[in-house]
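Written out below as structure tokens is the structure these notes cover.
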Amino acid sequence: MKSRWPARLLALVLVGAVGAAAGFVVWAMTPLRLANSPLDFTVRLGSPARSAAAQIRAQGADLSPRLFYWLARLSGEGTQLKAGSYEVEQGITPWQLLRKMARGDQSLLALTVPEGWTFAQFLAAADQAPGLEHDAAGLSPTQIMERIGAPADLDPEGEFFPDTYLYGRGSSELALLKRAYRLMQRELAQAWASRERGLPLQDPRQALTLASMVEKETGRPGDRARIASVFVNRLRAGMPLQSDPTVIYALGSAYHGHLSHKDMQVASPYNTYVHAGLPPGPIALPGAAALQAALHPADGRALYFVARGDGSSVFSDTLAEHDAAVSRYLLQAHRASGISASSGASGASGASEASSAPGDRRRQLSR
């Protein structure tokens with residue numbers, strides 16, 4: 001008589017396997033217990049499924065590393081998990097968590113870099129941005145440029161595109177800077193390739209420099225192309241550009257809110273009252289609109305402009321027209337504020353009060 005134990009044992013094994021499989025599926029579809037909801041957690045780069053689950057568990061989710069490993073392996077998602085920062089809420093299941101990480105559906109932070117900021121302002125904001133690995137801290141501009149793959153001797157001013165940059169917790173500050181650098185190089189190359197022919201600009205770097213001046217001079221977006229036209233007309237005529245923002249940039253921390261006659265004489269190649277032509281490089285980070293304006297200036301013969309006081313500017317073809325506009329708008333503003341009309345641009349028929357803050361750009365051009 002043959003023993004029936006092998007058949008019974010096989011049946012028991014099959015029942016156990018089915019039961020284990022059913023229990024595994026139930027676990028995969030059961031919401032995780034979270035220490036907080038929403039819960040933020042970060043998974044390190046290069047973490048396999050078991051290690052990722054252990055990190056998640058340590059940060060507040062009751063997730064079994066062993067079961068999560070098998071879930072990832074059996075589903076085929078084990079090699080697709082993406083490192084980064086995530087946010088989950090009560091009710092999420094291990095299966096939903098696995099799919100979220102396979103998609104890379106991360107919880108991202110944002111750093112906004114406004115048009116017209118300087119590189120120093122960008123770097124200071126990045127240094128203070130939460131969640132970034134501040135691996136640029138303490139590096140010189142030359143070292144930063146080297147580490148992001150840019151020419152080490154390239155002045156970083158103007159070379160980074162102003163935009164809103166999303167990043168995950170633990171992301172590299174240098175990687176973010178590299179993204180901004182590459183984006184500016186792409187935007188500049190595209191703008192230069194489609195530029196208006198015959199402009200008095202020798203290369204993309206000069207276009208970037210002009211765009212930065214347009215960015216700092218513009219109080220109303222609709223004036224960008226006309227301001228660019230004034231500068232282009234002056235370059236063609238061999239006239240000094242006499243742009244207050246270049247003087248402010250030259251002064252640096254010595255600038256205290258308004259420009260004096262002495263300030264206009266500061267010995268700097270960036271002082272466009274003292275030196276002819278464009279300054280040696282950009283004075284700020286220009287946006288796409290400023291790049292387009294610099295390379296597609298408006299038609300016209302205007303050589304002067306002065307702010308009305310509402311963000312817009314009055315443009316003049318002749319010095320006589322400009323003098324009248326200065327008398328009407330700028331001197332009225334100075335009398336109202338109590339600022340002496342003798343300060344400001346040398347030889348001009350009025351003075352300009354300048355501010356380096358975006359949106360408060362009240363400029364005039366002198367002779």
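Residues are referred to by chain and number: the chain letter is A, B, ... according to the order shown in the structure tokens, the number counts from 1 in that chain, and ligands are numbered separately from 1 in the order shown.
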Produce a table with one row for each residue of stretch 17-80 of chain A that has an atom at most 7 Å from any atom of stretch 86-95 of chain A, each row naming the nearest atom pair and its distance in Å at one decimal; use only C-alpha atoms; arrange rows by chain and rising residue number; format as a Markdown table.
```
| residue | atom | partner | partner_atom | distance |
| --- | --- | --- | --- | --- |
| A:Ala28 | CA | A:Pro94 | CA | 5.1 |
| A:Met29 | CA | A:Thr93 | CA | 5.4 |
| A:Thr30 | CA | A:Thr93 | CA | 5.4 |
| A:Pro31 | CA | A:Thr93 | CA | 4.2 |
| A:Leu32 | CA | A:Thr93 | CA | 5.5 |
| A:Leu34 | CA | A:Gln90 | CA | 6.4 |
| A:Ser37 | CA | A:Glu89 | CA | 4.9 |
| A:Pro38 | CA | A:Glu89 | CA | 4.4 |
| A:Leu39 | CA | A:Val88 | CA | 5.3 |
| A:Asp40 | CA | A:Glu87 | CA | 4.5 |
| A:Phe41 | CA | A:Tyr86 | CA | 5.5 |
| A:Thr42 | CA | A:Tyr86 | CA | 6.2 |
```
With N, CA and C atoms retained, write the just-selected residues as an mmCIF file, in the first residue's frame.
```cif
data_model
loop_
_atom_site.group_PDB
_atom_site.id
_atom_site.type_symbol
_atom_site.label_atom_id
_atom_site.label_comp_id
_atom_site.auth_asym_id
_atom_site.auth_seq_id
_atom_site.Cartn_x
_atom_site.Cartn_y
_atom_site.Cartn_z
ATOM 1 N N ALA A 28 0.326 44.307 0.113
ATOM 2 C CA ALA A 28 0.677 45.294 -0.913
ATOM 3 C C ALA A 28 -0.440 46.311 -1.134
ATOM 4 N N MET A 29 -1.686 45.924 -0.843
ATOM 5 C CA MET A 29 -2.826 46.798 -1.096
ATOM 6 C C MET A 29 -3.385 47.435 0.177
ATOM 7 N N THR A 30 -2.706 47.223 1.293
ATOM 8 C CA THR A 30 -3.158 47.789 2.566
ATOM 9 C C THR A 30 -2.427 49.103 2.845
ATOM 10 N N PRO A 31 -3.153 50.166 3.188
ATOM 11 C CA PRO A 31 -2.497 51.456 3.457
ATOM 12 C C PRO A 31 -1.431 51.342 4.536
ATOM 13 N N LEU A 32 -0.337 52.031 4.331
ATOM 14 C CA LEU A 32 0.763 52.072 5.286
ATOM 15 C C LEU A 32 0.418 52.992 6.453
ATOM 16 N N LEU A 34 1.603 55.868 8.735
ATOM 17 C CA LEU A 34 2.580 56.945 8.614
ATOM 18 C C LEU A 34 2.688 57.706 9.927
ATOM 19 N N SER A 37 1.123 62.848 8.347
ATOM 20 C CA SER A 37 0.495 62.937 7.027
ATOM 21 C C SER A 37 0.207 64.406 6.718
ATOM 22 N N PRO A 38 0.802 64.955 5.644
ATOM 23 C CA PRO A 38 1.684 64.252 4.707
ATOM 24 C C PRO A 38 3.049 63.962 5.324
ATOM 25 N N LEU A 39 3.709 62.961 4.780
ATOM 26 C CA LEU A 39 5.033 62.560 5.234
ATOM 27 C C LEU A 39 6.034 62.818 4.117
ATOM 28 N N ASP A 40 7.105 63.541 4.428
ATOM 29 C CA ASP A 40 8.182 63.783 3.473
ATOM 30 C C ASP A 40 9.333 62.826 3.771
ATOM 31 N N PHE A 41 9.865 62.236 2.753
ATOM 32 C CA PHE A 41 11.039 61.392 2.927
ATOM 33 C C PHE A 41 11.943 61.511 1.710
ATOM 34 N N THR A 42 13.203 61.153 1.908
ATOM 35 C CA THR A 42 14.205 61.235 0.848
ATOM 36 C C THR A 42 14.916 59.900 0.714
#
```
Enumerate, as a list in words, the complete set of residues in stretch 23-266 of chain A that a backbone-based DSSP assignment places in strand (DSSP E).
Leu39, Asp40, Phe41, Thr42, Val43, Gly84, Ser85, Tyr86, Glu87, Val88, Leu108, Leu109, Ala110, Leu111, Thr112, Thr164, Tyr165, Leu166, Tyr167 and Gly168 of chain A
Just to be explicit: take each residue in the selection above, keep N, CA and C atoms, and write the result as a JSON list (two decimals), in the first residue's frame.
```json
[["chain", "number", "residue", "atom", "x", "y", "z"],
["A", 39, "LEU", "N", 3.71, 62.96, 4.78],
["A", 39, "LEU", "CA", 5.03, 62.56, 5.23],
["A", 39, "LEU", "C", 6.03, 62.82, 4.12],
["A", 40, "ASP", "N", 7.11, 63.54, 4.43],
["A", 40, "ASP", "CA", 8.18, 63.78, 3.47],
["A", 40, "ASP", "C", 9.33, 62.83, 3.77],
["A", 41, "PHE", "N", 9.86, 62.24, 2.75],
["A", 41, "PHE", "CA", 11.04, 61.39, 2.93],
["A", 41, "PHE", "C", 11.94, 61.51, 1.71],
["A", 42, "THR", "N", 13.20, 61.15, 1.91],
["A", 42, "THR", "CA", 14.21, 61.23, 0.85],
["A", 42, "THR", "C", 14.92, 59.90, 0.71],
["A", 43, "VAL", "N", 15.11, 59.46, -0.52],
["A", 43, "VAL", "CA", 15.85, 58.23, -0.81],
["A", 43, "VAL", "C", 17.15, 58.60, -1.50],
["A", 84, "GLY", "N", 15.40, 60.51, -4.65],
["A", 84, "GLY", "CA", 14.89, 61.86, -4.57],
["A", 84, "GLY", "C", 14.00, 62.07, -3.37],
["A", 85, "SER", "N", 13.27, 63.16, -3.39],
["A", 85, "SER", "CA", 12.39, 63.53, -2.28],
["A", 85, "SER", "C", 10.94, 63.31, -2.68],
["A", 86, "TYR", "N", 10.17, 62.74, -1.76],
["A", 86, "TYR", "CA", 8.78, 62.40, -2.03],
["A", 86, "TYR", "C", 7.89, 62.88, -0.88],
["A", 87, "GLU", "N", 6.63, 63.06, -1.21],
["A", 87, "GLU", "CA", 5.63, 63.39, -0.20],
["A", 87, "GLU", "C", 4.47, 62.41, -0.38],
["A", 88, "VAL", "N", 4.08, 61.74, 0.71],
["A", 88, "VAL", "CA", 2.97, 60.79, 0.67],
["A", 88, "VAL", "C", 1.98, 61.15, 1.78],
["A", 108, "LEU", "N", 8.93, 68.34, -5.03],
["A", 108, "LEU", "CA", 10.01, 69.23, -5.44],
["A", 108, "LEU", "C", 9.92, 70.59, -4.76],
["A", 109, "LEU", "N", 11.07, 71.17, -4.53],
["A", 109, "LEU", "CA", 11.18, 72.54, -4.04],
["A", 109, "LEU", "C", 11.50, 73.44, -5.22],
["A", 110, "ALA", "N", 11.38, 74.73, -5.02],
["A", 110, "ALA", "CA", 11.60, 75.67, -6.13],
["A", 110, "ALA", "C", 12.49, 76.83, -5.69],
["A", 111, "LEU", "N", 13.35, 77.25, -6.60],
["A", 111, "LEU", "CA", 14.16, 78.45, -6.42],
["A", 111, "LEU", "C", 13.88, 79.37, -7.60],
["A", 112, "THR", "N", 13.35, 80.54, -7.32],
["A", 112, "THR", "CA", 13.04, 81.51, -8.37],
["A", 112, "THR", "C", 14.14, 82.55, -8.46],
["A", 164, "THR", "N", 12.53, 79.83, -12.78],
["A", 164, "THR", "CA", 12.18, 79.08, -11.58],
["A", 164, "THR", "C", 12.70, 77.65, -11.75],
["A", 165, "TYR", "N", 13.56, 77.23, -10.85],
["A", 165, "TYR", "CA", 14.20, 75.92, -10.93],
["A", 165, "TYR", "C", 13.63, 74.99, -9.85],
["A", 166, "LEU", "N", 13.11, 73.84, -10.28],
["A", 166, "LEU", "CA", 12.60, 72.84, -9.36],
["A", 166, "LEU", "C", 13.71, 71.85, -9.04],
["A", 167, "TYR", "N", 13.75, 71.40, -7.78],
["A", 167, "TYR", "CA", 14.77, 70.44, -7.38],
["A", 167, "TYR", "C", 14.25, 69.62, -6.21],
["A", 168, "GLY", "N", 14.78, 68.44, -6.06],
["A", 168, "GLY", "CA", 14.44, 67.58, -4.94],
["A", 168, "GLY", "C", 15.37, 67.81, -3.77]]
```
Go through stretch 33-269 of chain A and collect every residue that DSSP, computed from the backbone, puts in alpha helix (DSSP H); the answer should be as an NGL selection string.
:A and (49-58 or 65-75 or 94-103 or 119-128 or 141-147 or 173-193 or 204-217 or 224-237 or 244-251)
What would the file look like if the residues just selected were written as a tab-separated table (two decimals), in the first residue's frame with C-alpha atoms?
```tsv
chain	number	residue	atom	x	y	z
A	49	ALA	CA	14.65	48.54	-3.19
A	50	ARG	CA	15.47	47.03	0.22
A	51	SER	CA	17.72	49.93	1.20
A	52	ALA	CA	15.18	52.46	-0.10
A	53	ALA	CA	12.46	50.84	2.02
A	54	ALA	CA	14.72	50.91	5.08
A	55	GLN	CA	15.31	54.64	4.56
A	56	ILE	CA	11.59	55.26	4.15
A	57	ARG	CA	10.84	53.25	7.28
A	58	ALA	CA	13.40	55.26	9.25
A	65	PRO	CA	12.07	46.36	3.61
A	66	ARG	CA	11.90	42.58	2.95
A	67	LEU	CA	8.36	42.64	1.54
A	68	PHE	CA	8.99	45.83	-0.41
A	69	TYR	CA	12.05	44.20	-1.98
A	70	TRP	CA	9.96	41.23	-3.16
A	71	LEU	CA	7.20	43.51	-4.37
A	72	ALA	CA	9.70	45.49	-6.44
A	73	ARG	CA	11.39	42.33	-7.76
A	74	LEU	CA	8.24	40.40	-8.65
A	75	SER	CA	6.61	43.42	-10.30
A	94	PRO	CA	3.04	49.77	-0.70
A	95	TRP	CA	2.02	49.14	-4.32
A	96	GLN	CA	1.10	52.81	-4.86
A	97	LEU	CA	4.36	53.87	-3.23
A	98	LEU	CA	6.32	51.56	-5.52
A	99	ARG	CA	4.61	52.97	-8.61
A	100	LYS	CA	5.15	56.55	-7.38
A	101	MET	CA	8.88	55.92	-6.99
A	102	ALA	CA	9.11	54.14	-10.34
A	103	ARG	CA	7.55	57.20	-12.00
A	119	PHE	CA	25.15	86.39	-10.23
A	120	ALA	CA	25.97	87.28	-6.62
A	121	GLN	CA	22.26	87.51	-5.81
A	122	PHE	CA	21.61	84.17	-7.52
A	123	LEU	CA	24.44	82.53	-5.59
A	124	ALA	CA	23.27	84.00	-2.27
A	125	ALA	CA	19.74	82.71	-2.87
A	126	ALA	CA	21.04	79.25	-3.80
A	127	ASP	CA	23.21	79.21	-0.68
A	128	GLN	CA	20.09	79.82	1.43
A	141	PRO	CA	33.63	82.05	-9.09
A	142	THR	CA	36.48	80.41	-11.03
A	143	GLN	CA	36.06	77.16	-9.12
A	144	ILE	CA	32.29	77.21	-9.65
A	145	MET	CA	32.69	77.72	-13.38
A	146	GLU	CA	35.22	74.87	-13.57
A	147	ARG	CA	32.97	72.46	-11.67
A	173	GLU	CA	23.65	73.34	-5.70
A	174	LEU	CA	26.35	72.99	-8.36
A	175	ALA	CA	23.98	70.85	-10.45
A	176	LEU	CA	21.33	73.57	-10.24
A	177	LEU	CA	23.86	76.21	-11.28
A	178	LYS	CA	24.92	73.97	-14.16
A	179	ARG	CA	21.28	73.76	-15.33
A	180	ALA	CA	20.96	77.55	-15.25
A	181	TYR	CA	24.26	77.98	-17.11
A	182	ARG	CA	23.34	75.49	-19.83
A	183	LEU	CA	19.90	77.06	-20.24
A	184	MET	CA	21.43	80.51	-20.75
A	185	GLN	CA	23.90	79.16	-23.29
A	186	ARG	CA	21.03	77.57	-25.21
A	187	GLU	CA	18.80	80.67	-25.04
A	188	LEU	CA	21.68	82.93	-26.08
A	189	ALA	CA	22.73	80.69	-28.97
A	190	GLN	CA	19.17	80.56	-30.31
A	191	ALA	CA	18.71	84.32	-29.97
A	192	TRP	CA	22.07	85.05	-31.62
A	193	ALA	CA	21.34	82.72	-34.53
A	204	PRO	CA	27.12	86.56	-28.40
A	205	ARG	CA	28.92	87.86	-25.32
A	206	GLN	CA	28.35	91.45	-26.45
A	207	ALA	CA	24.70	90.59	-27.11
A	208	LEU	CA	24.45	89.24	-23.58
A	209	THR	CA	26.03	92.42	-22.23
A	210	LEU	CA	23.60	94.65	-24.11
A	211	ALA	CA	20.66	92.49	-23.01
A	212	SER	CA	21.71	92.85	-19.38
A	213	MET	CA	21.69	96.64	-19.72
A	214	VAL	CA	18.27	96.54	-21.36
A	215	GLU	CA	17.04	94.34	-18.52
A	216	LYS	CA	18.21	96.78	-15.85
A	217	GLU	CA	16.96	99.86	-17.70
A	224	ARG	CA	12.55	96.85	-23.93
A	225	ALA	CA	12.95	96.95	-27.71
A	226	ARG	CA	12.93	100.77	-27.77
A	227	ILE	CA	15.56	100.98	-25.03
A	228	ALA	CA	17.67	98.48	-26.97
A	229	SER	CA	17.23	100.68	-30.04
A	230	VAL	CA	18.58	103.71	-28.20
A	231	PHE	CA	21.70	101.83	-27.18
A	232	VAL	CA	22.18	100.41	-30.67
A	233	ASN	CA	21.75	103.87	-32.21
A	234	ARG	CA	24.33	105.29	-29.81
A	235	LEU	CA	26.79	102.50	-30.58
A	236	ARG	CA	26.42	103.17	-34.29
A	237	ALA	CA	26.87	106.92	-33.77
A	244	ASP	CA	23.18	104.50	-14.91
A	245	PRO	CA	22.91	100.75	-14.15
A	246	THR	CA	26.47	100.25	-15.40
A	247	VAL	CA	27.69	102.85	-12.92
A	248	ILE	CA	25.69	101.21	-10.13
A	249	TYR	CA	27.27	97.87	-11.04
A	250	ALA	CA	30.72	99.48	-11.01
A	251	LEU	CA	30.08	100.98	-7.56
```
Please, what distance in Å, to one decimal, runs between atom CA of A:Ala324 and atom CA of A:Leu278?
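According to the coordinates, atom CA of A:Ala324 and atom CA of A:Leu278 are separated by 27.2 Å.
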Å distance separating atom CA of A:Glu159 from atom CA of A:Leu139, one decimal place:
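Those two atoms sit 17.1 Å apart.
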Give me the residues near A:Val274 as a ChimeraX atom specification, where near means some atom within 12 Å (using only C-alpha atoms) and where sequence neighbours in that chain fewer than 5 positions away do not count.
/A:239-244,246-247,250,262-269,279,345-346
From the list A:Arg197, A:His275, A:Lys82, A:Arg33, the nearest residue to A:Pro48 using only C-alpha atoms is A:Lys82
Considering only C-alpha atoms, state which residue in the set A:Val26, A:Leu291, A:Leu199, A:Val326 is at the smallest distance from A:Phe305.
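Counting only C-alpha atoms, the residue closest to A:Phe305 is A:Val326.
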